[in-house]
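Q: This is the structure I want to talk about, given as structure tokens.
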There are 2 protein chains.
Amino acid sequence: MSLQINRQVVLASRPNGKPQANNFTIAEAPIPAPEDGQVLSKTIYLSLDPYMRGRMNAGKSYADPVEIDEVMSGGTVGQVIESKNSGFSAGDFVFGYGGWQEFWLQDGKKLKKVDPQLAPISTATGVLGMPGVTAYTGLLNIGQPKKGETVVVAAASGAVGSVVGQIARIKGTRVVGIAGTPEKCEFVTEELGFDACVNHSRQDFAENLKSACPNGIDVYFENVGGKVFEKVLPLLNNFSRIPVCGIISSYNATQLPAGPNLTPLLMRYILVKRLTFRGFIVWDFDSQEEEALTQLSNWIKEGKIRYREDIVDGLENAPEAFMGLLEGKNFGKLVVRVSDEPAG
Amino acid sequence: MSLQINRQVVLASRPNGKPQANNFTIAEAPIPAPEDGQVLSKTIYLSLDPYMRGRMNAGKSYADPVEIDEVMSGGTVGQVIESKNSGFSAGDFVFGYGGWQEFWLQDGKKLKKVDPQLAPISTATGVLGMPGVTAYTGLLNIGQPKKGETVVVAAASGAVGSVVGQIARIKGTRVVGIAGTPEKCEFVTEELGFDACVNHSRQDFAENLKSACPNGIDVYFENVGGKVFEKVLPLLNNFSRIPVCGIISSYNATQLPAGPNLTPLLMRYILVKRLTFRGFIVWDFDSQEEEALTQLSNWIKEGKIRYREDIVDGLENAPEAFMGLLEGKNFGKLVVRVSDEPAG
């Protein structure tokens, strides 16, 4: 084995509310050697995604938590260093759930090859990875947008929202984004081609959203929850569909919001307007992953789907970048460059 | 025209919270004469249903409100007195939305014949009418119960809930009812054949519900909302379906409940457990009405579906009976006998 060490970010303690720097520790470990069937890869890009906040809590949500002193989990793009799996060779680019560390060992069955000819390899964490497939499957299976309808997308400049809106536009709908700064809104309309984008941090958000949706809302792709959701609700048309993909506004909450309890109001809307709310996780649509990736690649080649990455350098900066993600400080898909891509 | 008068119950004023006796007035009107295409019928049974509470409010929910001094709306079974529509003859039994009055005039297109050979004519307001079709279409289209799953039904002894549970049992599920008195629970298990029934007015309701659902809940047919719903929520399994048919617990509310606001908790359950909530109204499934009625009739003949009616005598007693309905005082489908059935 090499004398190199493997730097890692481990969970030092569980956050109470917003994660703090001291919830994370940089650790060092020896670089492990692959056994039969395994592959050792060097991390190039680490994906940072909102779901990771749930993994920092004790107790299972839809996946097991990260344990204290365990490496933070996360999707990674890397290059194979040493392979004891016939499907992979040194030099191959791969995607796996390697976690927040410089090297990772994984059973080859859990790795996917990444084709650097298809698109920049970093996109395997974004538009051509979990967020892209999430957008594609959630919008088309649950949202079911029809030509001429209005689709509203929260977190519109983010990894998932940006793809949702562009697919909805391809499907012939009016697409309205919601984002938190004027710069993000401009990007969403000018670069991504949404019909409108409304800034939720403005006092007149509710009026602006209503103006942007003159025919009401038929599909609301939910990534946010909270105050944004409360303003969307009265604009939903009869028979609207609401794919529930995330509720980032409450991930750091330590208690429920003060009253009144709005649940009966929500249930009344569901009943009277015959709304469909359906939660989903990308792996619920595993069988559609290949279709989604093929279609997304084609749309990227045709210039119909664009993407923006927010790349942060250095594994040691991952905790701060992640804390910012939970407050909407990133602008585009948040990725940590853990090591440089090999000169191509 | 006859010299008889037509007694009516009209909306005297809009309730603020629970309806009171003074929100209703008994009025008298001349009996109208049918014009071409119309049918004059004498009311035998008036159906009282929770949705009528919404009609008493100003403002449209999914249907227009009853206006002040207008006859309260409602489904009625009657006998044709005079017909100027070739589809109907004097003596025919019919169902229509005649409202709370002794005689009603209606375009023949909006009437349906009732076959007294098929079942007692009062069932056209219940198991072989709107409530039965609501139960059938909501459970099968949205609930989609599968053999071996657990189906929980709120308001289990009521017009809709009693049919939902019996269909779910026919489909091979474990069926657990929720009702508000020991007598109703006994009826639900002993007469309707549910596997269990839990009394929601007991302090230990949550524990009892959990014990009655050892494998969790896969379908929750929502007619109630409020505290009952809050206890059901934690027991829902991944991929549960929740047809939202009514939320009677909040129909009389004048304000939202005190906090905390449980909406983020509900959204979290929807996301993590991938729940589907879908509101519906019986007429969303109009195309399935004939199928539903045929199937329900067959099940009644085969003894697989039973029903219970709570019959109140006299139109003048309709307001009090309706006020009781909103508090669960009825036991079975609530019907007002406005006039006697003709001797058969």
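Chain lettering (A, B, ...) mirrors the order of the structure tokens, residue numbering begins at 1 for each chain separately, and ligand numbering begins at 1 in order of display.
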Please provide as number ranges by chain all residues within 10 Å of segment 169-186 of chain B, with the sequence filter that same-chain residues fewer than 4 positions apart are discarded (counting only C-alpha atoms).
A: B: 140, 144-158, 161-165, 190-202, 205, 209, 212-213, 215, 217-221, 224, 228, 299, 304-305, 327-332
Q: Can you check which residues of segment 24-56 of chain B DSSP gives as helix (DSSP H, G or I) on the backbone and send them as a VMD selection string?
A: chain B and resid 52 to 55
Q: Give me a file of those residues, with C-alpha atoms, as an mmCIF file, in the first residue's frame.
A:
data_model
loop_
_atom_site.group_PDB
_atom_site.id
_atom_site.type_symbol
_atom_site.label_atom_id
_atom_site.label_comp_id
_atom_site.auth_asym_id
_atom_site.auth_seq_id
_atom_site.Cartn_x
_atom_site.Cartn_y
_atom_site.Cartn_z
ATOM 1 C CA MET B 52 -74.663 20.233 3.586
ATOM 2 C CA ARG B 53 -72.816 22.149 6.294
ATOM 3 C CA GLY B 54 -70.582 23.642 3.585
ATOM 4 C CA ARG B 55 -73.637 24.794 1.621
#
Q: Residues of segment 133-282 of chain A classed as strand (DSSP E) by DSSP on the backbone are to be reported as a PyMOL selection string.
A: chain A and resi 150-153+174-179+196-199+217-221+236-244+276-279
Q: Which of these residues is nearest to Gly37 of chain B, using only C-alpha atoms: B:Arg308, B:Lys84, B:Arg278, B:Arg268?
A: B:Lys84
Q: Find the nearest atom pair between each residue of chain A and chain B for residues within 8 Å, count only C-alpha atoms, give distances in Å to one decimal, sort rows by chain and ascending number, and present the table as CSV.
A:
residue,atom,partner,partner_atom,distance
A:Ser61,CA,B:Val272,CA,6.3
A:Tyr62,CA,B:Val272,CA,5.7
A:Gly225,CA,B:Pro264,CA,7.3
A:Gly226,CA,B:Pro264,CA,7.0
A:Val244,CA,B:Leu271,CA,5.8
A:Cys245,CA,B:Leu271,CA,6.5
A:Gly246,CA,B:Leu271,CA,6.8
A:Ile247,CA,B:Arg268,CA,7.4
A:Ser250,CA,B:Pro264,CA,6.9
A:Leu256,CA,B:Pro260,CA,5.9
A:Pro257,CA,B:Asn261,CA,5.4
A:Ala258,CA,B:Pro260,CA,4.6
A:Gly259,CA,B:Gly259,CA,3.2
A:Pro260,CA,B:Gly259,CA,4.5
A:Asn261,CA,B:Asn261,CA,3.8
A:Leu262,CA,B:Asn261,CA,5.8
A:Thr263,CA,B:Thr263,CA,5.2
A:Pro264,CA,B:Ser250,CA,6.9
A:Leu265,CA,B:Leu256,CA,7.6
A:Leu266,CA,B:Thr263,CA,7.9
A:Met267,CA,B:Ile247,CA,7.5
A:Arg268,CA,B:Ile247,CA,7.4
A:Ile270,CA,B:Gly279,CA,5.0
A:Leu271,CA,B:Gly279,CA,4.2
A:Val272,CA,B:Tyr62,CA,5.7
A:Lys273,CA,B:Gly279,CA,7.1
A:Arg274,CA,B:Gly279,CA,4.0
A:Leu275,CA,B:Gly279,CA,5.5
A:Thr276,CA,B:Arg278,CA,4.3
A:Phe277,CA,B:Phe277,CA,5.1
A:Arg278,CA,B:Thr276,CA,4.3
A:Gly279,CA,B:Arg274,CA,4.0
A:Phe280,CA,B:Arg274,CA,5.0
A:Ile281,CA,B:Arg274,CA,7.5
Q: If you count only C-alpha atoms, which residues fall within 8 Å of Val77 of chain A, apart from same-chain ones fewer than 2 positions away, as a PyMOL selection string?
A: chain A and resi 43-46+75+79+93-96+121-122+124-125
Q: So that I can see what lies close to Phe103 of chain B, please list as a ChimeraX atom specification the residues with an atom at most 10 Å from it, counting only C-alpha atoms and leaving out residues fewer than 2 positions away in the same chain.
A: /B:5-8,29-32,40-44,76,78-81,98-101,105,338
Q: Using only C-alpha atoms, determine which residues lie at most 8 Å from Pro50 of chain A, disregarding the query and same-chain residues fewer than 4 positions distant; provide the list as a PyMOL selection string.
A: chain A and resi 248+325-326
Q: For those residues, write N, CA and C atoms to a file as a short mmCIF file (atom, residue, chain, number, x, y, z; two decimals), in the first residue's frame.
A:
data_model
loop_
_atom_site.label_atom_id
_atom_site.label_comp_id
_atom_site.auth_asym_id
_atom_site.auth_seq_id
_atom_site.Cartn_x
_atom_site.Cartn_y
_atom_site.Cartn_z
N ILE A 248 -36.95 21.51 2.69
CA ILE A 248 -35.68 22.00 3.26
C ILE A 248 -35.92 23.05 4.33
N LEU A 325 -25.69 25.43 2.18
CA LEU A 325 -26.72 24.81 1.32
C LEU A 325 -28.08 24.81 2.01
N LEU A 326 -28.08 24.54 3.31
CA LEU A 326 -29.33 24.46 4.06
C LEU A 326 -29.98 25.83 4.22
#
Q: Got a sec: who's within 8 Å of segment 132-137 of chain A, counting only C-alpha atoms, leaving out chain neighbours fewer than 2 positions off, as a PyMOL selection string?
A: chain A and resi 126-130+139-142+159-161+163-164+167+281-282+285+288-289+292-293+296
Q: Print the selection's residues with C-alpha atoms to a file, as a PDB file, in the first residue's frame.
A:
ATOM      1  CA  GLY A 126     -26.210  16.632 -10.616  1.00  0.00           C
ATOM      2  CA  VAL A 127     -28.151  16.824 -13.831  1.00  0.00           C
ATOM      3  CA  LEU A 128     -26.917  13.368 -14.903  1.00  0.00           C
ATOM      4  CA  GLY A 129     -27.133  11.906 -11.418  1.00  0.00           C
ATOM      5  CA  MET A 130     -29.476  11.620  -8.473  1.00  0.00           C
ATOM      6  CA  LEU A 139     -42.225  15.499 -12.275  1.00  0.00           C
ATOM      7  CA  LEU A 140     -43.341  13.016 -14.912  1.00  0.00           C
ATOM      8  CA  ASN A 141     -44.767  10.274 -12.686  1.00  0.00           C
ATOM      9  CA  ILE A 142     -46.438  12.411 -10.048  1.00  0.00           C
ATOM     10  CA  ALA A 159     -29.922  20.961  -8.559  1.00  0.00           C
ATOM     11  CA  VAL A 160     -33.390  19.420  -8.736  1.00  0.00           C
ATOM     12  CA  GLY A 161     -35.588  22.482  -9.321  1.00  0.00           C
ATOM     13  CA  VAL A 163     -34.110  20.382 -14.077  1.00  0.00           C
ATOM     14  CA  VAL A 164     -37.778  20.102 -13.095  1.00  0.00           C
ATOM     15  CA  ILE A 167     -38.431  19.479 -18.356  1.00  0.00           C
ATOM     16  CA  ILE A 281     -37.632   9.301  -3.168  1.00  0.00           C
ATOM     17  CA  VAL A 282     -35.585   8.807  -6.287  1.00  0.00           C
ATOM     18  CA  PHE A 285     -38.405   4.895  -9.582  1.00  0.00           C
ATOM     19  CA  GLN A 288     -36.737   4.443 -14.859  1.00  0.00           C
ATOM     20  CA  GLU A 289     -33.182   5.549 -14.108  1.00  0.00           C
ATOM     21  CA  ALA A 292     -34.142   9.332 -17.382  1.00  0.00           C
ATOM     22  CA  LEU A 293     -30.385   9.558 -17.909  1.00  0.00           C
ATOM     23  CA  LEU A 296     -31.517  14.065 -19.951  1.00  0.00           C
TER      24      LEU A 296
END
Q: In Å, with one decimal, what is the gap from atom CA of Leu111 of chain A to atom CA of Val71 of chain A?
A: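 Those two atoms sit 18.2 Å apart.
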